[in-house]
>>> print(open('start03.txt').read())   # compact mmCIF, C-alpha atoms and all ligand atoms
# COMPACT_ATOMS: atom_id res chain seq x y z
CA MET A 437 -50.91 6.63 -13.67
CA TYR A 438 -48.93 9.29 -15.52
CA GLN A 439 -45.42 9.62 -14.19
CA ALA A 440 -43.71 12.91 -15.01
CA PRO A 441 -40.29 12.51 -16.69
CA THR A 442 -37.06 13.90 -15.32
CA LEU A 443 -35.71 17.03 -17.01
CA SER A 444 -32.97 15.11 -18.91
CA GLU A 445 -35.43 12.35 -19.93
CA TYR A 446 -37.76 15.03 -21.22
CA VAL A 447 -35.05 16.88 -23.19
CA VAL A 448 -33.49 13.72 -24.68
CA SER A 449 -36.87 12.25 -25.67
CA ARG A 450 -37.89 15.49 -27.37
CA LEU A 451 -34.58 15.70 -29.23
CA ILE A 452 -34.84 12.08 -30.41
CA THR A 453 -38.41 12.68 -31.60
CA LEU A 454 -37.24 15.78 -33.45
CA VAL A 455 -34.27 14.07 -35.07
CA ILE A 456 -36.39 11.09 -36.20
CA LEU A 457 -39.14 13.37 -37.51
CA THR A 458 -36.88 15.73 -39.43
CA THR A 459 -34.73 12.87 -40.80
CA THR A 460 -37.85 11.06 -42.06
CA ILE A 461 -39.35 14.20 -43.60
CA PHE A 462 -36.09 15.13 -45.31
CA ALA A 463 -35.45 11.59 -46.52
CA LEU A 464 -38.94 11.61 -48.06
CA ILE A 465 -38.32 15.04 -49.62
CA VAL A 466 -34.99 13.86 -51.10
CA TYR A 467 -36.60 10.60 -52.25
CA PHE A 468 -39.49 12.29 -54.05
CA THR A 469 -37.46 15.15 -55.56
CA PRO A 470 -36.64 14.55 -59.23
CA ASP A 471 -32.92 14.05 -59.98
CA GLU A 472 -32.58 17.30 -61.96
CA TYR A 473 -33.54 19.37 -58.83
CA ARG A 474 -31.12 17.62 -56.51
CA THR A 475 -28.36 20.19 -56.87
CA THR A 476 -25.84 21.38 -54.27
CA PHE A 477 -28.04 24.43 -53.75
CA PHE A 478 -31.01 22.10 -53.03
CA TYR A 479 -28.98 20.25 -50.35
CA VAL A 480 -27.73 23.52 -48.82
CA VAL A 481 -31.30 24.89 -48.61
CA LEU A 482 -32.49 21.58 -47.14
CA PHE A 483 -29.71 21.69 -44.57
CA PHE A 484 -30.56 25.28 -43.52
CA VAL A 485 -34.30 24.52 -43.39
CA SER A 486 -33.61 21.50 -41.16
CA GLN A 487 -31.43 23.68 -38.90
CA LEU A 488 -34.20 26.27 -38.72
CA ILE A 489 -36.85 23.67 -37.85
CA PHE A 490 -34.55 22.26 -35.21
CA LEU A 491 -34.00 25.72 -33.67
CA ILE A 492 -37.73 26.52 -33.72
CA ALA A 493 -38.53 23.17 -32.08
CA VAL A 494 -35.90 23.69 -29.37
CA ARG A 495 -37.17 27.20 -28.72
CA TYR A 496 -40.76 25.90 -28.56
CA ARG A 497 -39.78 23.21 -26.06
CA THR A 498 -37.76 25.55 -23.87
CA GLN A 499 -40.91 27.62 -23.53
CA TYR A 500 -42.38 24.67 -21.60
CA LEU A 501 -39.48 24.79 -19.21
CA SER A 502 -39.76 28.51 -18.74
CA LYS A 503 -43.47 28.03 -18.05
CA GLU A 504 -42.55 25.58 -15.30
CA LEU A 505 -40.15 28.13 -13.85
CA LYS A 506 -42.82 30.81 -14.06
CA LYS A 507 -45.22 28.61 -12.08
CA VAL A 508 -42.64 28.24 -9.30
CA GLU A 509 -41.87 31.95 -9.43
CA HIS A 510 -45.56 32.79 -9.25
CA MET A 511 -45.96 30.52 -6.27
CA ILE A 512 -43.08 32.22 -4.45
CA ILE A 513 -44.46 35.69 -5.19
CA ASN A 514 -47.89 34.69 -3.87
CA ALA A 515 -46.34 32.96 -0.91
CA SER A 516 -49.19 33.97 1.38
CA GLY A 517 -51.78 32.26 -0.83
CA ASN A 518 -53.32 28.89 -0.10
CA HIS A 519 -51.33 26.14 -1.75
CA GLU A 520 -53.75 23.37 -0.95
CA ASP A 521 -56.71 24.66 -2.93
CA LYS A 522 -55.17 24.34 -6.38
CA PRO A 523 -52.26 21.92 -6.62
CA LEU A 524 -49.98 22.97 -9.48
CA GLU A 525 -49.14 20.46 -12.17
CA PHE A 526 -45.59 20.15 -13.42
CA PHE A 527 -44.12 18.69 -16.51
CA THR A 528 -40.94 17.37 -14.98
CA ILE A 529 -40.04 15.60 -11.73
CA GLU A 530 -37.45 18.21 -10.73
CA PHE A 531 -39.89 21.10 -10.87
CA ALA A 532 -42.62 19.09 -9.17
CA SER A 533 -40.21 18.24 -6.37
CA ILE A 534 -38.94 21.85 -6.06
CA HIS A 535 -42.55 22.96 -5.89
CA LYS A 536 -43.40 20.36 -3.22
CA LYS A 537 -40.42 21.39 -1.10
CA LEU A 538 -41.22 25.07 -1.45
CA VAL A 539 -44.82 24.45 -0.41
CA GLY A 540 -43.52 22.59 2.65
CA ILE A 541 -41.18 25.45 3.55
CA LEU A 542 -43.92 28.03 3.05
CA LYS A 543 -46.31 26.07 5.26
CA LYS A 544 -43.68 25.93 8.00
CA ILE A 545 -43.06 29.67 7.69
CA LYS A 546 -46.79 30.34 7.84
CA LYS A 547 -47.18 28.17 10.94
CA ARG A 548 -44.28 29.96 12.61
CA GLU A 549 -45.81 33.32 11.72
CA GLN A 550 -49.11 32.28 13.26
CA GLU A 551 -47.35 31.14 16.44
CA LYS A 552 -45.46 34.43 16.54
CA ARG A 553 -48.68 36.39 16.11
CA LYS A 554 -50.33 34.42 18.93
CA TYR A 555 -47.31 34.98 21.17
CA ASN A 556 -47.30 38.71 20.44
CA ALA A 557 -51.04 38.94 21.18
CA LYS A 558 -50.44 37.14 24.48
CA ILE A 559 -47.65 39.55 25.41
CA LYS A 560 -49.85 42.50 24.45
CA LEU A 561 -52.65 41.18 26.66
CA LYS A 562 -50.25 40.63 29.55
CA ASN A 563 -48.92 44.16 29.17
CA ARG A 564 -52.42 45.57 29.10
CA GLN A 565 -53.33 43.59 32.19
CA ARG A 566 -50.20 44.87 33.89
CA THR A 567 -51.13 48.46 33.00
CA ASP A 568 -54.70 47.89 34.25
CA MET A 569 -53.31 46.39 37.41
CA LEU A 570 -50.98 49.34 37.98
CA SER A 571 -53.75 51.87 37.52
CA ALA A 572 -56.07 49.87 39.81
CA ILE A 573 -53.34 49.71 42.43
CA ALA A 574 -52.62 53.42 42.11
CA HIS A 575 -56.32 54.21 42.61
CA GLU A 576 -56.59 51.91 45.57
CA PHE A 577 -53.59 53.30 47.37
CA ARG A 578 -54.38 56.92 46.62
CA ASN A 579 -57.41 57.12 48.93
CA PRO A 580 -55.93 55.78 52.17
CA ILE A 581 -52.66 57.63 51.55
CA ALA A 582 -54.55 60.89 50.96
CA ALA A 583 -56.46 60.30 54.21
CA ILE A 584 -53.27 59.63 56.18
CA LEU A 585 -51.62 62.75 54.73
CA GLY A 586 -54.70 64.90 55.42
CA TYR A 587 -55.18 63.80 59.05
CA SER A 588 -51.49 63.93 59.93
CA GLN A 589 -51.15 67.38 58.39
CA THR A 590 -54.12 68.64 60.41
CA LEU A 591 -52.62 67.15 63.57
CA THR A 592 -49.20 68.74 63.04
CA GLU A 593 -50.50 72.13 61.98
CA ASP A 594 -53.17 72.61 64.60
CA ASP A 595 -52.06 72.34 68.26
CA GLU A 596 -55.43 73.21 69.62
CA ILE A 597 -57.37 70.23 68.41
CA PRO A 598 -59.24 68.71 71.34
CA LYS A 599 -57.87 65.41 72.64
CA GLU A 600 -61.01 63.55 71.59
CA LEU A 601 -60.67 64.72 67.99
CA GLN A 602 -56.94 63.99 68.03
CA ASP A 603 -57.70 60.38 69.04
CA LYS A 604 -60.30 60.14 66.30
CA PHE A 605 -57.81 61.37 63.68
CA LEU A 606 -55.11 59.02 64.94
CA LYS A 607 -57.56 56.12 64.69
CA LYS A 608 -58.35 57.13 61.12
CA ILE A 609 -54.63 57.21 60.32
CA TYR A 610 -54.22 53.78 61.89
CA ASN A 611 -57.22 52.34 59.98
CA ASN A 612 -55.99 53.68 56.68
CA GLY A 613 -52.52 52.26 57.39
CA GLU A 614 -54.18 48.90 58.02
CA LYS A 615 -56.04 49.22 54.72
CA ILE A 616 -52.76 49.78 52.87
CA GLU A 617 -51.25 46.80 54.66
CA GLU A 618 -54.20 44.60 53.60
CA LEU A 619 -54.01 45.82 50.00
CA LEU A 620 -50.32 44.99 49.92
CA SER A 621 -50.79 41.50 51.28
CA ARG A 622 -53.56 40.84 48.73
CA LEU A 623 -51.32 42.05 45.95
CA LEU A 624 -48.44 39.89 47.11
CA LEU A 625 -50.74 36.88 47.38
CA TRP A 626 -52.10 37.52 43.90
CA ASN A 627 -48.57 37.81 42.60
CA ARG A 628 -47.72 34.42 44.13
CA PHE A 629 -50.69 32.87 42.30
CA GLU A 630 -49.80 34.55 39.03
CA SER A 631 -46.21 33.34 39.17
CA GLY A 632 -47.30 29.85 40.28
CA GLU A 633 -45.21 30.18 43.46
CA GLN A 634 -48.10 29.53 45.83
CA LYS A 635 -47.87 25.99 47.16
CA LEU A 636 -50.45 23.96 49.06
CA HIS A 637 -49.84 22.69 52.58
CA LEU A 638 -52.71 20.26 53.01
CA THR A 639 -53.74 19.22 56.49
CA GLN A 640 -56.73 17.61 58.09
CA LEU A 641 -58.94 20.54 58.91
CA ASN A 642 -62.20 21.40 60.61
CA LEU A 643 -63.33 24.69 59.14
CA LYS A 644 -65.94 25.43 61.78
CA PRO A 645 -63.64 26.65 64.59
CA LEU A 646 -61.65 28.58 61.97
CA THR A 647 -64.88 30.27 60.81
CA HIS A 648 -65.72 31.24 64.43
CA GLU A 649 -62.29 32.83 64.75
CA ILE A 650 -62.66 34.76 61.46
CA ALA A 651 -66.19 35.92 62.34
CA LEU A 652 -64.98 37.17 65.72
CA ASN A 653 -62.16 39.18 64.12
CA LEU A 654 -64.49 40.63 61.50
CA GLN A 655 -67.01 41.66 64.10
CA GLU A 656 -64.47 44.13 65.45
CA LYS A 657 -64.63 45.93 62.12
CA TYR A 658 -68.31 45.33 61.39
CA LYS A 659 -69.77 46.22 64.76
CA ASN A 660 -73.46 45.44 65.37
CA ARG A 661 -73.38 42.75 62.68
CA HIS A 662 -73.95 39.10 63.30
CA VAL A 663 -72.43 36.07 61.60
CA ALA A 664 -74.42 32.90 62.33
CA ILE A 665 -72.44 29.69 61.96
CA GLU A 666 -74.67 26.66 61.45
CA GLY A 667 -74.51 22.94 60.67
CA VAL A 668 -72.07 20.14 61.20
CA ALA A 669 -68.68 20.37 59.56
CA SER A 670 -66.85 17.35 58.22
CA LEU A 671 -63.12 17.14 58.37
CA VAL A 672 -61.62 18.22 55.10
CA LYS A 673 -58.23 18.15 53.46
CA ALA A 674 -57.17 21.77 52.95
CA ASP A 675 -54.53 24.44 53.44
CA LYS A 676 -55.42 26.27 56.64
CA ALA A 677 -53.86 29.65 55.81
CA LEU A 678 -55.46 29.69 52.36
CA MET A 679 -58.87 28.57 53.69
CA GLU A 680 -58.72 31.43 56.16
CA ILE A 681 -58.34 33.82 53.21
CA VAL A 682 -61.29 32.19 51.37
CA LEU A 683 -63.62 32.32 54.35
CA LYS A 684 -62.56 35.81 55.37
CA ASN A 685 -63.17 37.14 51.84
CA LEU A 686 -66.56 35.50 51.46
CA ILE A 687 -67.80 36.47 54.92
CA GLU A 688 -66.47 40.02 54.65
CA ASN A 689 -68.11 40.43 51.22
CA ALA A 690 -71.39 39.15 52.67
CA LEU A 691 -71.09 41.73 55.46
CA LYS A 692 -70.08 44.48 53.03
CA TYR A 693 -72.91 43.91 50.59
CA SER A 694 -75.78 43.28 53.02
CA ASP A 695 -77.28 44.72 56.19
CA GLU A 696 -78.87 41.63 57.66
CA VAL A 697 -77.40 38.61 59.39
CA VAL A 698 -74.79 36.64 57.47
CA ARG A 699 -75.01 32.85 57.71
CA VAL A 700 -72.23 30.34 57.23
CA GLN A 701 -73.69 26.88 56.71
CA PHE A 702 -71.75 23.62 56.94
CA VAL A 703 -73.32 20.61 55.25
CA ASP A 704 -70.76 17.81 55.37
CA ASN A 705 -67.83 19.04 53.34
CA THR A 706 -69.77 21.82 51.61
CA ILE A 707 -69.57 25.37 52.97
CA LYS A 708 -72.12 28.06 52.10
CA VAL A 709 -71.86 31.76 52.88
CA ILE A 710 -75.34 33.26 52.69
CA ASP A 711 -76.43 36.87 52.79
CA GLU A 712 -79.63 38.77 52.14
CA GLY A 713 -77.99 41.78 50.60
CA ILE A 714 -77.85 43.61 47.30
CA GLY A 715 -77.19 40.46 45.28
CA ILE A 716 -75.50 40.30 41.90
CA SER A 717 -77.19 40.75 38.53
CA GLU A 718 -77.24 37.78 36.16
CA GLU A 719 -74.96 39.70 33.83
CA ASN A 720 -72.32 40.17 36.52
CA ILE A 721 -72.35 36.74 38.15
CA GLY A 722 -69.84 35.41 35.63
CA LYS A 723 -67.63 38.48 36.01
CA VAL A 724 -67.24 38.88 39.77
CA THR A 725 -64.45 36.30 40.03
CA LYS A 726 -62.42 38.11 37.37
CA LYS A 727 -59.55 40.14 38.75
CA PHE A 728 -60.17 43.85 39.27
CA PHE A 729 -63.89 43.45 38.65
CA ARG A 730 -66.21 45.50 40.83
CA THR A 731 -69.87 46.20 40.23
CA ASP A 732 -69.34 49.73 41.43
CA GLU A 733 -66.16 50.94 39.74
CA HIS A 734 -66.07 54.15 41.73
CA SER A 735 -66.47 52.78 45.20
CA TRP A 736 -62.90 52.57 46.45
CA GLU A 737 -64.09 51.32 49.79
CA ASN A 738 -64.57 47.98 48.11
CA SER A 739 -60.83 47.31 47.74
CA MET A 740 -59.45 46.11 44.46
CA GLY A 741 -61.82 43.52 43.11
CA LEU A 742 -59.16 40.92 43.75
CA GLY A 743 -60.90 39.13 46.62
CA LEU A 744 -63.06 36.69 44.65
CA ALA A 745 -60.34 36.20 42.03
CA ILE A 746 -58.03 35.05 44.86
CA VAL A 747 -60.80 32.84 46.31
CA LYS A 748 -61.28 31.23 42.90
CA GLN A 749 -57.53 30.53 42.55
CA ILE A 750 -57.30 29.04 46.05
CA LEU A 751 -60.29 26.75 45.44
CA LYS A 752 -58.80 25.72 42.10
CA LEU A 753 -55.63 24.69 43.93
CA HIS A 754 -57.89 22.54 46.13
CA ASN A 755 -59.56 20.98 43.06
CA SER A 756 -62.73 22.81 43.96
CA SER A 757 -64.69 25.70 42.51
CA LEU A 758 -66.77 28.60 43.72
CA GLU A 759 -70.50 28.33 43.07
CA ILE A 760 -72.45 31.59 43.07
CA ASP A 761 -76.19 31.71 43.38
CA SER A 762 -77.46 35.25 43.56
CA GLU A 763 -80.44 37.41 42.84
CA GLU A 764 -80.44 41.20 42.77
CA ASN A 765 -81.91 42.76 45.92
CA LYS A 766 -82.53 39.31 47.40
CA GLY A 767 -79.08 38.12 48.35
CA SER A 768 -76.31 35.71 47.47
CA VAL A 769 -75.05 32.25 48.29
CA PHE A 770 -71.35 31.56 47.73
CA SER A 771 -70.52 27.90 48.20
CA PHE A 772 -67.74 25.39 47.64
CA THR A 773 -67.04 21.76 48.44
CA LEU A 774 -63.74 20.38 49.66
CA GLU A 775 -62.30 16.91 49.54
CA PRO A 776 -63.48 15.05 52.64
CA GLN A 777 -61.13 13.54 55.20
CA PRO A 778 -63.35 10.60 56.20
CA LEU A 779 -64.38 9.01 59.53
CA GLU A 780 -64.20 11.73 62.15
CA ARG A 781 -67.00 14.26 62.66
CA HIS A 782 -67.05 17.34 64.86
P1 LIG B 1 -63.94 43.51 46.38
O1 LIG B 1 -62.74 43.37 47.20
O2 LIG B 1 -64.02 44.72 45.54
O3 LIG B 1 -65.20 43.21 47.13
P2 LIG B 1 -64.27 40.97 45.25
O4 LIG B 1 -63.47 40.25 44.23
O5 LIG B 1 -64.34 40.36 46.60
O6 LIG B 1 -63.74 42.42 45.29
O7 LIG B 1 -65.72 41.15 44.68
C1 LIG B 1 -65.91 41.61 43.37
C2 LIG B 1 -67.29 42.22 43.21
O8 LIG B 1 -68.28 41.20 43.39
C3 LIG B 1 -67.60 43.25 44.26
O9 LIG B 1 -67.16 44.53 43.86
C4 LIG B 1 -69.11 43.18 44.34
O10 LIG B 1 -69.66 43.99 43.35
C5 LIG B 1 -69.43 41.73 43.99
N1 LIG B 1 -69.73 40.94 45.21
C6 LIG B 1 -68.89 40.12 45.89
N2 LIG B 1 -69.52 39.53 46.94
C7 LIG B 1 -70.78 39.97 46.91
C8 LIG B 1 -71.93 39.74 47.73
N3 LIG B 1 -71.91 38.92 48.77
N4 LIG B 1 -73.09 40.38 47.40
C9 LIG B 1 -73.14 41.20 46.33
N5 LIG B 1 -72.09 41.46 45.52
C10 LIG B 1 -70.93 40.87 45.81
>>> encode(input="start03.txt", output="structure tokens", more="lines below")
Ligand code: ADP
Amino acid sequence: MYQAPTLSEYVVSRLITLVILTTTIFALIVYFTPDEYRTTFFYVVLFFVSQLIFLIAVRYRTQYLSKELKKVEHMIINASGNHEDKPLEFFTIEFASIHKKLVGILKKIKKREQEKRKYNAKIKLKNRQRTDMLSAIAHEFRNPIAAILGYSQTLTEDDEIPKELQDKFLKKIYNNGEKIEELLSRLLLWNRFESGEQKLHLTQLNLKPLTHEIALNLQEKYKNRHVAIEGVASLVKADKALMEIVLKNLIENALKYSDEVVRVQFVDNTIKVIDEGIGISEENIGKVTKKFFRTDEHSWENSMGLGLAIVKQILKLHNSSLEIDSEENKGSVFSFTLEPQPLERH
């Protein structure tokens, strides 16, 4: 295999070749020149010609070196180009090695640039999400706050409001205050998930009594609605406070988005929340667990679209996932399976 010479090897070898060549040519010229022409002038001319040839040869050879330098220069100027497609060939080891090192440095720079670009894109996305979040929060809080302000202003300005109406307004103020309180706790919970602060406190748990408790509380808000709790629940390993949030969200959604009875079914360690409500279109099934997603963007009654995103995070912490089976205008089934805590059954 051809091994490129070093710069000094290259220069010395070229000079030796030149000296040998010119000496031979001139020796032959002197040898074949008749005696009468071999004057001092002849030798002077010969000497100058040899000097000239030598200079031309050196100049010619240095052009090679400048070509090598130009290649390196070109490579630096086109630093963003791809250096793997067309490997450059060099005449001398030094230039080949400079080139190799430069390519290495350029690759590193490129990689760092790519990482920087990715990082910047991530920050941009985070900032956009933060802005979206702030505007969603502002929207969410605006309605209950406006209601509280409106009712309280009416109550303070008008002394003649009948007692019955006064009670009604006060109840509205109280309900809207509660709504704000719930929004805040959801936000704080979401923030704990986002920052990775939320920890699991696993205990042996029977979700059936917990579901009865949640259903009872919800029935205060959703009067005339029924939550049927069916099946046999296995003991599972889960965080009670977080499971309460999961069940409350799923059951409340089922109540919110349907008019008929809502069923919670326990089959061993799988829990299903079933409704016969508006259902979710195929297009939206994949989106409903995304934060701030709501099918009806303008319905502020529906809170922030954080509920299912929180449910998904909680189930992920429990090594589980939320399965959604839904058909528009037919209803939905939200289900998940938890790790069993064997032996006992309730
Ligand atoms: P929200 O608090 O707005 O209900 P969620 O994250 O709980 O937010 O739900 C996101 C969206 O998923 C809702 O706006 C609704 O469109 C849809 N959704 C959730 N549960 C149901 C359900 N049981 N039936 C139909 N649609 C639902």
>>> residues_near_ligand(input="start03.txt", ligand="ligand LIG 1 (chain B)", cutoff="7 Å", atoms="only C-alpha atoms and all ligand atoms", output="MDAnalysis selection string")
chainID A and resid 685:686 689:690 693:694 711 713:716 724:725 727:732 738:745 767:768
>>> residues_around(input="start03.txt", residues="range 655-671 of chain A", least_positions_apart="4", cutoff="8 Å", atoms="only C-alpha atoms", output="PyMOL selection string")
chain A and resi 640-644+647-648+651+691+695-705+776-778+780-782
>>> closest_residue(input="start03.txt", among="A:Lys692, A:Lys723, A:Lys552, A:Lys615", to="Ile584 in chain A", atoms="only C-alpha atoms")
A:Lys615
>>> atom_distance(input="start03.txt", atom1="CA of Asn720 in chain A", atom2="CA of Asp568 in chain A")
19.4 Å
>>> closest_residue(input="start03.txt", among="A:Leu636, A:Ile687, A:Val494, A:Leu620", to="Ile650 in chain A", atoms="only C-alpha atoms")
A:Ile687
>>> closest_residue(input="start03.txt", among="A:Glu525, A:Leu623, A:Lys766, A:Ala583", to="Asn611 in chain A", atoms="all atoms listed in the file")
A:Ala583
>>> residues_near_point(input="start03.txt", point="(-57.8, 33.6, 52.5)", cutoff="10 Å", atoms="only C-alpha atoms", output="PyMOL selection string")
chain A and resi 622+625+675-686+743-744+746-747+750
>>> atom_distance(input="start03.txt", atom1="CA of Leu619 in chain A", atom2="CA of Pro580 in chain A")
10.4 Å
>>> closest_residue(input="start03.txt", among="A:Glu576, A:Leu542, A:Glu509, A:Ile609", to="Thr590 in chain A", atoms="all atoms listed in the file")
A:Ile609
>>> closest_residue(input="start03.txt", among="A:Lys507, A:Arg553, A:Ile465, A:Leu454", to="Ile489 in chain A", atoms="only C-alpha atoms")
A:Leu454
>>> residues_near_point(input="start03.txt", point="(-43.7, 20.9, -29.7)", cutoff="12 Å", atoms="all atoms listed in the file", output="VMD selection string")
chain A and resid 446 to 447 449 to 451 453 to 454 457 489 to 501
>>> write_last_selection(input="start03.txt", atoms="C-alpha atoms", output="short mmCIF file (atom, residue, chain, number, x, y, z; two decimals), in the frame of the given file")
data_model
loop_
_atom_site.label_atom_id
_atom_site.label_comp_id
_atom_site.auth_asym_id
_atom_site.auth_seq_id
_atom_site.Cartn_x
_atom_site.Cartn_y
_atom_site.Cartn_z
CA TYR A 446 -37.76 15.03 -21.22
CA VAL A 447 -35.05 16.88 -23.19
CA SER A 449 -36.87 12.25 -25.67
CA ARG A 450 -37.89 15.49 -27.37
CA LEU A 451 -34.58 15.70 -29.23
CA THR A 453 -38.41 12.68 -31.60
CA LEU A 454 -37.24 15.78 -33.45
CA LEU A 457 -39.14 13.37 -37.51
CA ILE A 489 -36.85 23.67 -37.85
CA PHE A 490 -34.55 22.26 -35.21
CA LEU A 491 -34.00 25.72 -33.67
CA ILE A 492 -37.73 26.52 -33.72
CA ALA A 493 -38.53 23.17 -32.08
CA VAL A 494 -35.90 23.69 -29.37
CA ARG A 495 -37.17 27.20 -28.72
CA TYR A 496 -40.76 25.90 -28.56
CA ARG A 497 -39.78 23.21 -26.06
CA THR A 498 -37.76 25.55 -23.87
CA GLN A 499 -40.91 27.62 -23.53
CA TYR A 500 -42.38 24.67 -21.60
CA LEU A 501 -39.48 24.79 -19.21
#
>>> atom_distance(input="start03.txt", atom1="CA of Val508 in chain A", atom2="CA of Pro441 in chain A")
17.5 Å
>>> decode(input="start03.txt", residues="range 539-551 of chain A", atoms="N, CA, C and O atoms", output="PDB file, in the first residue's frame")
ATOM      1  N   VAL A 539     -10.847  17.221  10.661  1.00  0.00           N
ATOM      2  CA  VAL A 539     -12.137  16.562  10.432  1.00  0.00           C
ATOM      3  C   VAL A 539     -12.734  16.127  11.769  1.00  0.00           C
ATOM      4  O   VAL A 539     -13.924  16.319  12.031  1.00  0.00           O
ATOM      5  N   GLY A 540     -11.852  15.569  12.627  1.00  0.00           N
ATOM      6  CA  GLY A 540     -12.303  15.148  13.963  1.00  0.00           C
ATOM      7  C   GLY A 540     -12.890  16.313  14.744  1.00  0.00           C
ATOM      8  O   GLY A 540     -13.977  16.218  15.322  1.00  0.00           O
ATOM      9  N   ILE A 541     -12.162  17.441  14.722  1.00  0.00           N
ATOM     10  CA  ILE A 541     -12.618  18.624  15.475  1.00  0.00           C
ATOM     11  C   ILE A 541     -13.962  19.109  14.913  1.00  0.00           C
ATOM     12  O   ILE A 541     -14.890  19.400  15.650  1.00  0.00           O
ATOM     13  N   LEU A 542     -14.035  19.151  13.574  1.00  0.00           N
ATOM     14  CA  LEU A 542     -15.273  19.630  12.952  1.00  0.00           C
ATOM     15  C   LEU A 542     -16.464  18.737  13.302  1.00  0.00           C
ATOM     16  O   LEU A 542     -17.567  19.215  13.544  1.00  0.00           O
ATOM     17  N   LYS A 543     -16.197  17.415  13.326  1.00  0.00           N
ATOM     18  CA  LYS A 543     -17.288  16.492  13.670  1.00  0.00           C
ATOM     19  C   LYS A 543     -17.777  16.754  15.084  1.00  0.00           C
ATOM     20  O   LYS A 543     -18.981  16.767  15.354  1.00  0.00           O
ATOM     21  N   LYS A 544     -16.799  16.968  15.979  1.00  0.00           N
ATOM     22  CA  LYS A 544     -17.170  17.239  17.386  1.00  0.00           C
ATOM     23  C   LYS A 544     -18.003  18.515  17.475  1.00  0.00           C
ATOM     24  O   LYS A 544     -19.007  18.578  18.174  1.00  0.00           O
ATOM     25  N   ILE A 545     -17.544  19.548  16.748  1.00  0.00           N
ATOM     26  CA  ILE A 545     -18.270  20.829  16.770  1.00  0.00           C
ATOM     27  C   ILE A 545     -19.697  20.632  16.256  1.00  0.00           C
ATOM     28  O   ILE A 545     -20.664  21.111  16.837  1.00  0.00           O
ATOM     29  N   LYS A 546     -19.794  19.853  15.151  1.00  0.00           N
ATOM     30  CA  LYS A 546     -21.105  19.619  14.557  1.00  0.00           C
ATOM     31  C   LYS A 546     -22.034  18.925  15.542  1.00  0.00           C
ATOM     32  O   LYS A 546     -23.201  19.270  15.682  1.00  0.00           O
ATOM     33  N   LYS A 547     -21.467  17.892  16.221  1.00  0.00           N
ATOM     34  CA  LYS A 547     -22.261  17.122  17.183  1.00  0.00           C
ATOM     35  C   LYS A 547     -22.746  18.054  18.306  1.00  0.00           C
ATOM     36  O   LYS A 547     -23.900  18.018  18.714  1.00  0.00           O
ATOM     37  N   ARG A 548     -21.813  18.907  18.773  1.00  0.00           N
ATOM     38  CA  ARG A 548     -22.186  19.826  19.847  1.00  0.00           C
ATOM     39  C   ARG A 548     -23.283  20.785  19.386  1.00  0.00           C
ATOM     40  O   ARG A 548     -24.194  21.096  20.111  1.00  0.00           O
ATOM     41  N   GLU A 549     -23.146  21.229  18.122  1.00  0.00           N
ATOM     42  CA  GLU A 549     -24.167  22.142  17.577  1.00  0.00           C
ATOM     43  C   GLU A 549     -25.536  21.482  17.540  1.00  0.00           C
ATOM     44  O   GLU A 549     -26.542  22.087  17.880  1.00  0.00           O
ATOM     45  N   GLN A 550     -25.517  20.196  17.116  1.00  0.00           N
ATOM     46  CA  GLN A 550     -26.785  19.453  17.045  1.00  0.00           C
ATOM     47  C   GLN A 550     -27.407  19.339  18.431  1.00  0.00           C
ATOM     48  O   GLN A 550     -28.610  19.559  18.612  1.00  0.00           O
ATOM     49  N   GLU A 551     -26.537  19.001  19.423  1.00  0.00           N
ATOM     50  CA  GLU A 551     -27.044  18.871  20.795  1.00  0.00           C
ATOM     51  C   GLU A 551     -27.630  20.196  21.270  1.00  0.00           C
ATOM     52  O   GLU A 551     -28.666  20.232  21.921  1.00  0.00           O
TER      53      GLU A 551
END
